[in-house]
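Trainee: This is final-v9.txt (compact mmCIF, C-alpha atoms).
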```txt
# COMPACT_ATOMS: atom_id res chain seq x y z
CA MET A 1 0.00 0.00 0.00
CA LEU A 2 1.36 3.44 -0.91
CA SER A 3 2.01 6.14 1.64
CA LYS A 4 -0.45 8.99 1.96
CA LEU A 5 2.13 11.37 0.49
CA VAL A 6 2.54 9.31 -2.67
CA PHE A 7 -1.20 8.78 -2.89
CA ALA A 8 -1.88 12.51 -2.69
CA LEU A 9 0.71 13.20 -5.36
CA LEU A 10 -0.79 10.58 -7.64
CA CYS A 11 -4.23 12.11 -7.32
CA GLY A 12 -2.89 15.47 -8.48
CA LEU A 13 -5.73 17.77 -9.46
CA ALA A 14 -8.24 14.92 -9.72
CA ALA A 15 -10.62 13.94 -6.95
CA CYS A 16 -9.65 10.43 -5.93
CA GLN A 17 -12.41 8.15 -4.70
CA ASP A 18 -10.37 4.97 -4.29
CA PRO A 19 -6.89 4.64 -2.80
CA ALA A 20 -4.03 3.69 -5.11
CA VAL A 21 -2.77 0.18 -4.51
CA THR A 22 0.21 -1.86 -5.70
CA SER A 23 0.27 -5.48 -6.67
CA ASP A 24 3.38 -7.32 -7.91
CA GLN A 25 5.07 -4.19 -9.30
CA TRP A 26 1.82 -2.82 -10.72
CA LEU A 27 0.06 0.32 -9.54
CA ILE A 28 -3.73 0.59 -9.77
CA SER A 29 -4.90 4.19 -9.63
CA LEU A 30 -7.30 6.50 -11.45
CA ASN A 31 -8.87 3.49 -13.13
CA SER A 32 -5.49 2.70 -14.68
CA THR A 33 -2.94 -0.04 -14.12
CA ILE A 34 0.66 1.03 -14.67
CA PHE A 35 4.02 -0.66 -14.24
CA TRP A 36 5.48 0.28 -10.85
CA PRO A 37 9.00 -1.14 -10.38
CA THR A 38 10.44 -1.55 -6.91
CA ALA A 39 14.14 -0.95 -6.24
CA THR A 40 14.67 -4.16 -4.28
CA ASP A 41 13.97 -6.22 -7.43
CA TYR A 42 16.84 -4.60 -9.34
CA TYR A 43 19.98 -5.17 -7.31
CA TYR A 44 22.56 -5.91 -10.02
CA GLY A 45 25.37 -6.94 -7.71
CA PRO A 46 26.18 -7.44 -4.04
CA THR A 47 24.18 -5.63 -1.36
CA THR A 48 27.07 -5.72 1.09
CA GLY A 49 30.69 -4.71 0.71
CA PRO A 50 32.35 -1.88 -1.24
CA GLN A 51 30.08 -2.24 -4.31
CA ALA A 52 26.83 -2.21 -2.35
CA SER A 53 26.28 1.57 -2.41
CA ALA A 54 26.52 1.73 -6.22
CA VAL A 55 24.25 -1.32 -6.60
CA SER A 56 21.63 0.24 -4.30
CA CYS A 57 21.94 3.64 -5.98
CA ASN A 58 21.41 2.11 -9.41
CA ALA A 59 18.34 0.25 -8.14
CA GLU A 60 16.91 3.51 -6.79
CA TRP A 61 17.35 5.19 -10.18
CA ILE A 62 15.73 2.26 -11.98
CA GLU A 63 12.75 2.55 -9.66
CA TYR A 64 12.52 6.33 -10.08
CA SER A 65 12.87 6.31 -13.88
CA GLY A 66 10.35 3.49 -14.29
CA ARG A 67 7.79 5.16 -12.05
CA SER A 68 8.29 8.56 -13.70
CA SER A 69 7.62 7.09 -17.13
CA ALA A 70 4.54 5.27 -15.83
CA LEU A 71 3.10 8.38 -14.17
CA MET A 72 3.53 10.38 -17.35
CA SER A 73 1.31 7.85 -19.11
CA LEU A 74 -1.56 8.92 -16.83
CA GLY A 75 -1.65 12.25 -18.65
CA VAL A 76 -1.10 15.93 -18.00
CA THR A 77 -2.23 17.35 -14.66
CA GLY A 78 -1.88 21.03 -15.59
CA THR A 79 0.32 23.61 -17.30
CA THR A 80 2.60 26.44 -16.29
CA THR A 81 3.51 29.43 -18.44
CA SER A 82 6.87 31.21 -18.38
CA PHE A 83 7.85 34.35 -20.25
CA GLY A 84 11.11 35.48 -21.78
CA SER A 85 12.55 37.65 -24.52
CA TYR A 86 15.29 37.73 -27.12
CA ALA A 87 17.13 40.54 -28.85
CA THR A 88 16.12 41.56 -32.38
CA SER A 89 17.75 43.86 -34.90
CA GLU A 90 16.89 45.39 -38.25
CA GLY A 91 19.12 47.25 -40.65
CA ALA A 92 22.89 47.40 -40.85
CA CYS A 93 23.61 46.44 -37.24
CA ARG A 94 26.55 44.18 -38.03
CA THR A 95 29.30 44.67 -40.56
CA SER A 96 31.47 41.96 -42.11
CA VAL A 97 34.70 43.02 -43.79
CA SER A 98 36.64 40.49 -45.87
CA LEU A 99 38.64 40.01 -49.03
CA GLU A 100 36.55 39.23 -52.09
CA LYS A 101 35.99 35.63 -53.10
CA TRP A 102 34.36 33.81 -55.99
CA SER A 103 30.80 34.54 -54.82
CA ASP A 104 31.36 38.32 -54.63
CA THR A 105 30.85 40.82 -57.44
CA HIS A 106 34.10 42.38 -58.61
CA THR A 107 33.73 46.12 -59.12
CA GLY A 108 37.26 46.99 -60.21
CA SER A 109 39.19 46.72 -63.46
CA LEU A 110 39.01 43.56 -65.55
CA THR A 111 41.01 42.40 -68.52
CA THR A 112 40.73 39.44 -70.88
CA LEU A 113 43.75 37.66 -72.33
CA CYS A 114 44.04 34.97 -74.99
CA ASP A 115 42.03 32.45 -72.98
CA ASP A 116 38.96 34.76 -72.98
CA ILE A 117 38.64 34.46 -69.20
CA PRO A 118 37.98 37.71 -67.29
CA ARG A 119 40.80 38.58 -64.92
CA ALA A 120 40.73 41.00 -62.02
CA VAL A 121 43.50 43.55 -62.28
CA GLY A 122 45.28 44.17 -59.02
CA PRO A 123 44.86 42.72 -55.53
CA ARG A 124 41.56 41.47 -54.22
CA GLU A 125 39.02 44.08 -53.23
CA ILE A 126 37.72 44.62 -49.73
CA VAL A 127 34.10 43.51 -49.48
CA THR A 128 31.82 44.97 -46.84
CA LYS A 129 28.53 43.25 -46.03
CA TYR A 130 25.81 44.31 -43.66
CA TYR A 131 23.60 42.14 -41.47
CA PRO A 132 20.76 41.48 -41.09
CA GLY A 133 19.96 44.07 -43.77
CA THR A 134 20.60 47.62 -44.90
CA GLY A 135 19.47 50.97 -43.60
CA PRO A 136 19.51 52.36 -40.06
CA CYS A 137 20.14 49.87 -37.28
CA VAL A 138 17.14 49.38 -35.02
CA THR A 139 17.37 47.01 -32.06
CA GLY A 140 14.79 45.80 -29.61
CA TYR A 141 13.38 42.76 -27.89
CA THR A 142 10.67 40.30 -28.78
CA THR A 143 8.85 38.60 -25.94
CA TYR A 144 7.65 35.03 -25.99
CA SER A 145 5.79 32.65 -23.75
CA ASN A 146 6.48 29.00 -23.12
CA VAL A 147 3.78 26.62 -21.93
CA GLU A 148 5.11 23.61 -20.02
CA GLU A 149 2.96 20.59 -19.28
CA LEU A 150 2.96 19.20 -15.75
CA TYR A 151 2.88 15.51 -14.92
CA ARG A 152 2.70 13.47 -11.75
CA GLU A 153 6.10 12.56 -10.34
CA PRO A 154 7.37 9.98 -7.85
CA SER A 155 7.51 11.23 -4.29
CA ARG A 156 11.31 11.12 -4.01
CA THR A 157 14.22 11.69 -6.36
CA PRO A 158 17.37 9.63 -5.62
CA GLN A 159 20.07 11.76 -4.04
CA CYS A 160 22.97 9.46 -4.95
CA THR A 161 25.20 9.63 -8.05
CA LEU A 162 26.83 6.94 -10.15
CA GLN A 163 30.30 6.85 -11.67
CA THR A 164 31.33 5.09 -14.86
CA SER A 165 33.90 2.88 -13.16
CA GLU A 166 31.44 1.50 -10.58
CA CYS A 167 28.82 0.94 -13.29
CA ILE A 168 30.98 -1.49 -15.28
CA PRO A 169 30.11 -4.53 -13.09
CA ILE A 170 26.46 -3.39 -12.91
CA TRP A 171 26.14 -3.41 -16.70
CA SER A 172 27.90 -6.75 -16.84
CA THR A 173 25.47 -8.27 -14.31
CA TRP A 174 22.48 -6.81 -16.14
CA SER A 175 23.73 -8.29 -19.41
CA THR A 176 24.04 -11.75 -17.84
CA LEU A 177 20.59 -11.57 -16.20
CA SER A 178 19.00 -10.22 -19.37
CA SER A 179 20.52 -12.93 -21.52
CA SER A 180 19.33 -15.61 -19.08
CA TRP A 181 15.81 -14.13 -19.04
CA ARG A 182 15.57 -13.98 -22.83
CA SER A 183 16.60 -17.62 -23.15
CA SER A 184 13.92 -18.65 -20.63
CA ILE A 185 10.89 -17.15 -22.41
CA VAL A 186 9.06 -17.85 -25.65
CA THR A 187 7.33 -14.47 -25.99
CA SER A 188 7.64 -11.29 -24.00
CA SER A 189 5.12 -8.56 -23.29
CA TYR A 190 5.24 -5.07 -21.87
CA GLY A 191 5.51 -5.01 -18.10
CA ASP A 192 7.00 -8.46 -17.66
CA THR A 193 8.07 -8.01 -14.04
CA ASN A 194 10.69 -10.73 -14.36
CA SER A 195 12.57 -8.85 -17.08
CA PRO A 196 15.77 -7.11 -15.92
CA ILE A 197 15.45 -3.36 -16.58
CA ARG A 198 18.35 -1.76 -18.42
CA PRO A 199 20.34 0.46 -15.99
CA LEU A 200 20.23 3.54 -18.22
CA ASP A 201 21.05 6.00 -15.45
CA CYS A 202 24.34 4.20 -14.85
CA PRO A 203 27.07 5.83 -17.01
CA LYS A 204 28.41 3.43 -19.58
CA THR A 205 31.76 3.44 -21.32
CA GLY A 206 31.63 3.69 -25.09
CA ASN A 207 32.32 0.68 -27.25
CA TYR A 208 36.01 0.22 -27.87
CA TYR A 209 37.23 -1.08 -31.19
CA PRO A 210 40.98 -1.62 -31.01
CA GLU A 211 43.12 -1.37 -34.12
CA GLU A 212 46.12 -3.61 -34.41
CA ASN A 213 48.21 -1.31 -36.61
CA PRO A 214 46.87 2.17 -37.54
CA CYS A 215 49.90 2.66 -39.78
CA SER A 216 48.96 -0.21 -42.12
CA ALA A 217 46.38 2.05 -43.85
CA CYS A 218 46.71 5.72 -42.99
CA HIS A 219 46.69 9.26 -44.32
CA PHE A 220 48.43 12.50 -43.45
CA LEU A 221 46.79 15.46 -41.69
CA PRO A 222 48.96 18.52 -42.32
CA GLY A 223 48.39 21.96 -40.87
CA THR A 224 49.31 25.19 -42.65
CA ALA A 225 51.88 24.55 -45.38
CA THR A 226 54.35 26.91 -47.08
CA LEU A 227 56.25 26.09 -50.27
CA PHE A 228 59.60 27.90 -50.62
CA TYR A 229 60.81 27.79 -54.21
CA TRP A 230 63.38 29.35 -56.52
CA PRO A 231 61.49 31.21 -59.25
CA THR A 232 61.82 30.51 -62.93
CA THR A 233 60.90 32.59 -65.97
CA THR A 234 59.03 31.63 -69.13
CA ILE A 235 59.77 33.50 -72.39
CA ASP A 236 58.43 33.40 -75.93
CA GLY A 237 55.35 31.50 -74.87
CA ASP A 238 51.60 31.71 -75.19
CA LEU A 239 49.48 31.81 -72.05
CA CYS A 240 46.84 29.57 -73.57
CA LEU A 241 49.15 27.13 -75.31
CA GLN A 242 51.60 27.19 -72.40
CA ASN A 243 54.46 26.50 -74.80
CA GLY A 244 57.06 28.96 -73.56
CA THR A 245 60.68 28.25 -72.73
CA THR A 246 61.39 28.00 -69.02
CA ILE A 247 64.57 29.58 -67.74
CA PRO A 248 65.50 28.55 -64.20
CA ALA A 249 67.05 31.00 -61.79
CA SER A 250 70.80 31.28 -61.93
CA GLY A 251 72.59 29.79 -59.01
CA PRO A 252 73.31 28.20 -56.77
CA THR A 253 72.28 30.77 -54.21
CA THR A 254 71.06 30.70 -50.64
CA ALA A 255 68.41 32.28 -48.45
CA ILE A 256 68.02 32.33 -44.69
CA VAL A 257 64.46 31.47 -43.64
CA ASN A 258 63.65 31.53 -39.93
CA GLY A 259 67.30 30.91 -39.20
CA LYS A 260 67.63 27.96 -41.63
CA THR A 261 69.68 28.07 -44.81
CA PHE A 262 67.88 27.14 -48.02
CA THR A 263 69.99 26.44 -51.10
CA SER A 264 68.86 26.47 -54.74
CA PRO A 265 67.56 24.65 -56.68
CA THR A 266 66.05 22.58 -53.84
CA ALA A 267 62.47 23.43 -52.85
CA TYR A 268 61.37 23.32 -49.24
CA VAL A 269 57.95 22.57 -47.74
CA SER A 270 57.24 23.75 -44.21
CA PHE A 271 54.34 22.48 -42.08
CA THR A 272 53.15 24.23 -38.94
CA THR A 273 51.94 20.79 -37.79
CA ILE A 274 51.59 17.39 -39.39
CA TYR A 275 50.49 13.99 -38.14
CA ALA A 276 48.94 10.83 -39.58
CA TRP A 277 45.76 8.90 -38.83
CA SER A 278 44.22 5.56 -39.60
CA ASN A 279 41.96 5.30 -42.68
CA ARG A 280 39.32 3.40 -40.71
CA ARG A 281 35.89 5.00 -41.16
CA ALA A 282 33.30 2.63 -39.65
CA HIS A 283 34.74 3.14 -36.15
CA GLN A 284 37.06 5.74 -34.74
CA GLY A 285 40.58 5.24 -36.01
CA PHE A 286 43.84 5.78 -34.19
CA GLN A 287 46.89 7.93 -34.72
CA CYS A 288 49.88 6.61 -36.63
CA GLY A 289 53.12 7.91 -35.17
CA ILE A 290 53.25 11.20 -33.25
CA ASP A 291 52.51 14.89 -33.81
CA HIS A 292 55.23 16.94 -35.46
CA SER A 293 55.47 20.75 -35.31
CA ASP A 294 57.43 23.13 -37.55
CA ALA A 295 58.50 20.26 -39.81
CA ILE A 296 60.47 21.08 -42.98
CA ILE A 297 61.28 18.76 -45.85
CA SER A 298 63.59 19.43 -48.79
CA VAL A 299 62.29 18.34 -52.18
CA ASN A 300 63.49 18.13 -55.77
CA PRO A 301 61.25 20.78 -57.39
CA GLU A 302 60.80 18.63 -60.48
CA THR A 303 58.95 16.02 -58.40
CA LEU A 304 56.39 18.42 -56.92
CA SER A 305 52.78 18.13 -58.09
CA SER A 306 49.71 20.28 -57.63
CA MET A 307 46.30 18.63 -57.45
CA ARG A 308 43.45 20.16 -59.41
CA ASN A 309 39.80 19.77 -58.40
CA HIS A 310 40.60 18.16 -55.07
CA ARG A 311 38.61 18.24 -51.83
CA ASN A 312 39.60 16.96 -48.41
CA ALA A 313 36.95 14.98 -46.56
CA LYS A 314 36.22 11.73 -44.75
CA TYR A 315 35.46 10.48 -48.25
CA PRO A 316 37.74 12.83 -50.22
CA THR A 317 37.52 13.85 -53.85
CA ILE A 318 40.99 12.96 -55.11
CA GLY A 319 42.21 15.52 -57.59
CA THR A 320 44.33 15.14 -60.70
CA ALA A 321 48.08 15.64 -60.29
CA TYR A 322 50.02 18.06 -62.51
CA PRO A 323 53.68 19.17 -62.28
CA PHE A 324 54.23 22.49 -60.54
CA ASN A 325 55.29 25.18 -63.00
CA PHE A 326 56.90 27.86 -60.88
CA ALA A 327 57.00 30.25 -63.84
CA GLU A 328 53.23 30.68 -63.43
CA PHE A 329 53.88 32.52 -60.19
CA MET A 330 56.32 35.02 -61.69
CA PRO A 331 54.85 38.54 -61.38
CA GLN A 332 54.04 40.07 -64.76
CA GLN A 333 52.64 43.35 -65.96
CA LEU A 334 48.86 43.25 -66.16
CA GLY A 335 47.45 46.65 -66.98
CA ASN A 336 48.85 49.03 -64.40
CA GLU A 337 49.48 46.25 -61.90
CA THR A 338 52.19 43.64 -61.40
CA GLN A 339 50.82 40.21 -60.52
CA SER A 340 50.97 36.52 -61.38
CA ILE A 341 48.98 35.40 -64.41
CA ILE A 342 47.72 31.94 -63.50
CA PRO A 343 46.34 29.92 -66.44
CA TRP A 344 42.61 29.20 -66.18
CA PRO A 345 42.79 25.37 -65.82
CA GLN A 346 45.17 25.71 -62.89
CA TYR A 347 43.09 28.47 -61.30
CA ARG A 348 39.76 26.66 -61.73
CA GLY A 349 41.20 23.57 -60.06
CA GLY A 350 42.50 25.43 -56.99
CA GLN A 351 41.07 25.48 -53.50
CA GLN A 352 39.47 28.90 -53.93
CA CYS A 353 36.95 27.59 -56.49
CA PRO A 354 34.08 25.25 -55.48
CA LEU A 355 33.71 21.88 -57.17
CA GLY A 356 30.83 20.71 -59.31
CA ASP A 357 29.26 24.05 -60.27
CA ALA A 358 30.44 25.44 -63.59
CA ASN A 359 29.02 28.87 -62.71
CA SER A 360 30.63 29.17 -59.31
CA CYS A 361 34.01 30.45 -60.49
CA THR A 362 33.85 32.55 -63.66
CA MET A 363 36.84 34.86 -63.40
CA VAL A 364 40.46 34.82 -62.20
CA ARG A 365 41.27 36.80 -59.07
CA ASP A 366 44.57 37.26 -57.29
CA ASP A 367 43.72 34.53 -54.76
CA TYR A 368 45.04 31.29 -56.32
CA ALA A 369 45.53 28.63 -53.61
CA PRO A 370 47.07 25.53 -55.21
CA TRP A 371 46.63 22.10 -53.66
CA LEU A 372 49.94 20.35 -52.98
CA MET A 373 50.17 16.59 -53.31
CA LEU A 374 52.34 15.68 -50.36
CA PRO A 375 55.84 14.82 -51.58
CA GLU A 376 57.30 11.38 -51.01
CA GLU A 377 59.82 13.01 -48.64
CA VAL A 378 57.03 13.64 -46.12
CA ARG A 379 57.44 10.00 -45.03
CA GLU A 380 60.87 10.84 -43.67
CA ILE A 381 59.34 12.90 -40.86
CA ASP A 382 58.09 9.83 -38.97
CA ALA A 383 59.27 6.23 -39.20
CA GLY A 384 55.69 4.91 -39.12
CA TRP A 385 54.52 6.77 -42.22
CA THR A 386 55.95 4.47 -44.88
CA VAL A 387 52.61 3.55 -46.50
CA CYS A 388 50.35 6.51 -45.58
CA ASP A 389 48.26 7.89 -48.44
CA ARG A 390 49.74 11.17 -49.73
CA ARG A 391 46.56 12.27 -51.58
CA TRP A 392 43.70 11.75 -49.13
CA TYR A 393 44.07 14.94 -47.06
CA ILE A 394 46.43 17.51 -48.54
CA PRO A 395 47.18 21.17 -47.85
CA THR A 396 46.90 24.28 -49.95
CA VAL A 397 50.23 26.06 -49.94
CA THR A 398 51.39 29.61 -49.53
CA MET A 399 54.03 30.24 -52.19
CA VAL A 400 57.19 32.09 -51.11
CA ALA A 401 59.77 32.89 -53.80
CA LEU A 402 63.46 32.75 -52.86
CA ASP A 403 64.94 34.92 -55.57
CA ARG A 404 68.06 36.33 -53.90
CA GLU A 405 70.29 36.03 -50.88
CA GLU A 406 68.00 37.25 -48.17
CA ILE A 407 66.70 36.72 -44.68
CA ILE A 408 63.03 35.75 -44.46
CA VAL A 409 60.93 35.51 -41.33
CA THR A 410 57.56 33.85 -41.81
CA SER A 411 54.55 34.03 -39.55
CA THR A 412 51.16 32.38 -39.27
CA PRO A 413 48.83 33.90 -41.89
CA GLU A 414 46.33 36.41 -40.53
CA PRO A 415 42.62 35.60 -40.91
CA THR A 416 41.22 36.91 -44.20
CA GLU A 417 37.98 38.07 -42.64
CA GLN A 418 37.20 40.50 -39.87
CA VAL A 419 33.77 41.02 -38.38
CA GLU A 420 32.83 44.13 -36.43
CA VAL A 421 29.57 44.67 -34.57
CA PHE A 422 27.92 48.09 -34.45
CA ALA A 423 24.67 47.24 -32.65
CA ALA A 424 22.84 50.02 -30.87
CA ALA A 425 22.29 49.75 -27.14
CA ALA A 426 19.43 47.44 -26.16
CA PRO A 427 16.41 48.93 -24.40
CA GLU A 428 16.88 48.88 -20.64
CA ASP A 429 13.29 47.96 -19.83
CA ALA A 430 13.36 44.72 -21.79
CA LEU A 431 11.94 41.61 -20.18
CA ALA A 432 14.77 39.42 -18.94
CA ALA A 433 14.98 35.89 -20.24
CA PRO A 434 14.27 33.22 -17.63
CA THR A 435 17.16 31.39 -16.07
CA PRO A 436 17.20 27.77 -17.36
CA GLN A 437 16.47 25.20 -14.68
CA ALA A 438 18.20 21.85 -14.55
CA THR A 439 15.93 18.89 -15.16
CA THR A 440 16.31 15.15 -14.80
CA ALA A 441 15.43 13.29 -17.98
CA GLY A 442 15.15 9.59 -18.69
CA TRP A 443 17.20 7.93 -21.37
```
How does this structure look as structure tokens?
Mentor:
Amino acid sequence: MLSKLVFALLCGLAACQDPAVTSDQWLISLNSTIFWPTATDYYYGPTTGPQASAVSCNAEWIEYSGRSSALMSLGVTGTTTSFGSYATSEGACRTSVSLEKWSDTHTGSLTTLCDDIPRAVGPREIVTKYYPGTGPCVTGYTTYSNVEELYREPSRTPQCTLQTSECIPIWSTWSTLSSSWRSSIVTSSYGDTNSPIRPLDCPKTGNYYPEENPCSACHFLPGTATLFYWPTTTIDGDLCLQNGTTIPASGPTTAIVNGKTFTSPTAYVSFTTIYAWSNRRAHQGFQCGIDHSDAIISVNPETLSSMRNHRNAKYPTIGTAYPFNFAEFMPQQLGNETQSIIPWPQYRGGQQCPLGDANSCTMVRDDYAPWLMLPEEVREIDAGWTVCDRRWYIPTVTMVALDREEIIVTSTPEPTEQVEVFAAAAPEDALAAPTPQATTAGW
């Protein structure tokens, strides 16, 4: 028989004529019969000794969760309404300032060369955008109401807590009991009081899928990459036919970069960070080798390849490899400006142009970001990287020409976009939003 306190709570706003009674883990109340688990039937482990407190705590939570769910099935007892507000704005309240990209309209000078592709003359323009719209900024608040349904609840919420480590044997015991119960029945029905209830309030460790050797199938994950190269010149050629004669820089010569000596004609690739990871997709993979910071590899420039139309992803789009032609990066006179004249196929296949949409990139801007297929020499950074895929996840590279004896100090590139907020002050008499209250939810 339930206590008077529980009985009163069960009645809620209804006028109860008959007392609520329990029978074999069933509660009969309000002309309804609902499942009413009792903690003492769900001790998944010893009730004495060091594990007893966790076993008893878990049983209390099973009882509470089961009874809460059952009481909710009796229906709503009432509602409560809370009020709050959120800030609103109209007009140019926020300003975004960034360098132009393919989706922006170019307003400056354009020229067209032999390939008939429009080219922006000069550096990228600064693009200013306003949010959420244009015109004067007007801010305010919009109020809202939230109606919450009320249900009957068990008379007492467990005050104990459960830890993952102490729940491991509880889950193991439940699994054994559950397996034994399933093998003993032909059919099961809701509310079978002999069925072990899953201890969902007991924290459970995630499934662990070990991997014998993450390095047997792996890929590289490079950070920011910089390609230091010795420039070459192309003469007597056609931009469209790309049939000019390439003249390498005279040398050998040297340059000091961040305190390191670089000697021509060797190219150098610098990574802010680089590590490797298993190719496994179905379950979480594991790292191959260790993290490496500020790693530099020296490369024969004739072996370097750029990848066109590539995209990094869990299921990457592997691009097509082409030899790097450093002459393409040689500044040339274009109108009144001096800038590189990147051929259209190379530009269209770079990182700055989206894939798949022929209308997404229709002109050449001074923002070419070539994909670099990781050189074979990258394997020398870590002994475990002998078979890692060099094309799965690759970096775009910042090109730095080494055209004389010089001292170069590089730094991490600054973000290309800055966002400033110019919102007017919010009204002081606005209705404050309610403070969220913690709730206990079943799994």
Trainee: Quick one: of A:Asn146, A:Ser65, A:Thr107, A:Gln287, who's nearest to Pro210 in chain A, counting all atoms listed in the file?
Mentor: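 For Pro210 in chain A, the nearest of the candidates is A:Gln287.
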Trainee: Do a neighbour search on range 384-397 of chain A at 7 Å with all atoms listed in the file, toss out local chain neighbours closer than 6 positions, and write the hits as JSON, numbers by chain.
Mentor: {"A": [215, 216, 217, 218, 219, 220, 221, 222, 224, 225, 226, 227, 288, 289, 312, 316, 318, 351, 369, 370, 371, 372, 373, 374]}
Trainee: Can you pull out every residue within 6 Å of Val299 in chain A, counting all atoms listed in the file, but drop anything in the same chain fewer than 6 positions away, and send it as a list in words?
Mentor: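 That gives Thr266, Ala267 and Tyr268 of chain A.
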Trainee: Return as AutoDock Vina command-line options the centre and edge lengths, in Å with one decimal, of the box along x, y and z that encloses every atom of range 129-145 of chain A in the file, padded by 3 Å per side.
Mentor:
```
--center_x 17.2 --center_y 42.5 --center_z -34.9 --size_x 28.7 --size_y 25.7 --size_z 28.3
```
Trainee: For range 43-59 of chain A, list every protein, DNA or RNA residue within 10 Å, evaluated using only C-alpha atoms, and leave out those in the same chain fewer than 5 positions away; present the list as a PyMOL selection string.
Mentor: chain A and resi 37-38+64-65+158-163+166-167+169-177+196-197+199-202
Trainee: Residues within 7 Å of range 28-35 of chain A, please, as an mmCIF file with C-alpha atoms, keeping the file's coordinate frame. Count all atoms listed in the file; anything in the same chain fewer than 5 positions from it doesn't count.
Mentor:
```cif
data_model
loop_
_atom_site.group_PDB
_atom_site.id
_atom_site.type_symbol
_atom_site.label_atom_id
_atom_site.label_comp_id
_atom_site.auth_asym_id
_atom_site.auth_seq_id
_atom_site.Cartn_x
_atom_site.Cartn_y
_atom_site.Cartn_z
ATOM 1 C CA ALA A 20 -4.030 3.690 -5.110
ATOM 2 C CA VAL A 21 -2.770 0.180 -4.510
ATOM 3 C CA THR A 22 0.210 -1.860 -5.700
ATOM 4 C CA ALA A 70 4.540 5.270 -15.830
ATOM 5 C CA GLY A 191 5.510 -5.010 -18.100
#
```
Trainee: Would you mind telling me which residue in A:Gly133, A:Gly84, A:Pro343, A:Gly206 lies nearest to Val147 in chain A when using all atoms listed in the file?
Mentor: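 The answer is A:Gly84, which sits nearest to Val147 in chain A.
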Trainee: Could you list, as a VMD selection string, every residue within 12 Å of Pro132 in chain A, counting only C-alpha atoms and ignoring same-chain residues fewer than 4 positions away?
Mentor: chain A and resid 88 to 96 136 to 139 421 to 423
Trainee: Grab the CA of Ile168 in chain A to CA of Trp181 in chain A distance for me, in Å with one decimal place.
Mentor: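 We find that CA of Ile168 in chain A and CA of Trp181 in chain A lie 20.1 Å from each other.
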Trainee: For the interface of range 95-183 of chain A with range 356-367 of chain A (cut-off 10 Å, counting only C-alpha atoms), please tabulate each contacting residue of range 95-183 of chain A alongside its nearest pair of atoms and their separation in Å to one decimal, rows sorted by chain and increasing number, as CSV.
Mentor:
```
residue,atom,partner,partner_atom,distance
A:Leu99,CA,A:Asp367,CA,9.4
A:Glu100,CA,A:Arg365,CA,8.8
A:Lys101,CA,A:Asp367,CA,8.0
A:Trp102,CA,A:Cys361,CA,5.6
A:Ser103,CA,A:Ser360,CA,7.0
A:His106,CA,A:Arg365,CA,9.1
A:Leu110,CA,A:Met363,CA,9.2
A:Thr111,CA,A:Val364,CA,9.9
A:Thr112,CA,A:Met363,CA,9.6
A:Asp116,CA,A:Met363,CA,9.8
A:Ile117,CA,A:Met363,CA,6.1
A:Pro118,CA,A:Met363,CA,5.0
A:Arg119,CA,A:Val364,CA,4.7
A:Ala120,CA,A:Arg365,CA,5.2
A:Val121,CA,A:Arg365,CA,7.8
A:Gly122,CA,A:Asp366,CA,7.2
A:Pro123,CA,A:Asp366,CA,5.7
A:Arg124,CA,A:Asp366,CA,6.0
A:Glu125,CA,A:Arg365,CA,9.6
```
Trainee: What is the distance between CA of Pro323 in chain A and CA of Thr273 in chain A, in Å to one decimal?
Mentor: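 Calculated distance between CA of Pro323 in chain A and CA of Thr273 in chain A is 24.6 Å.
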Trainee: Which one of A:Ile62, A:Val97, A:Ile341, A:Ala282 sits closest to Glu211 in chain A if you count all atoms listed in the file?
Mentor: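 Result for the nearest residue to Glu211 in chain A: A:Ala282.
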Trainee: Just checking: using all atoms listed in the file, which residue out of A:Glu153, A:Asp104, A:Glu63, A:Asp294 ends up closest to Ile381 in chain A?
Mentor: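 The answer is A:Asp294, which sits nearest to Ile381 in chain A.
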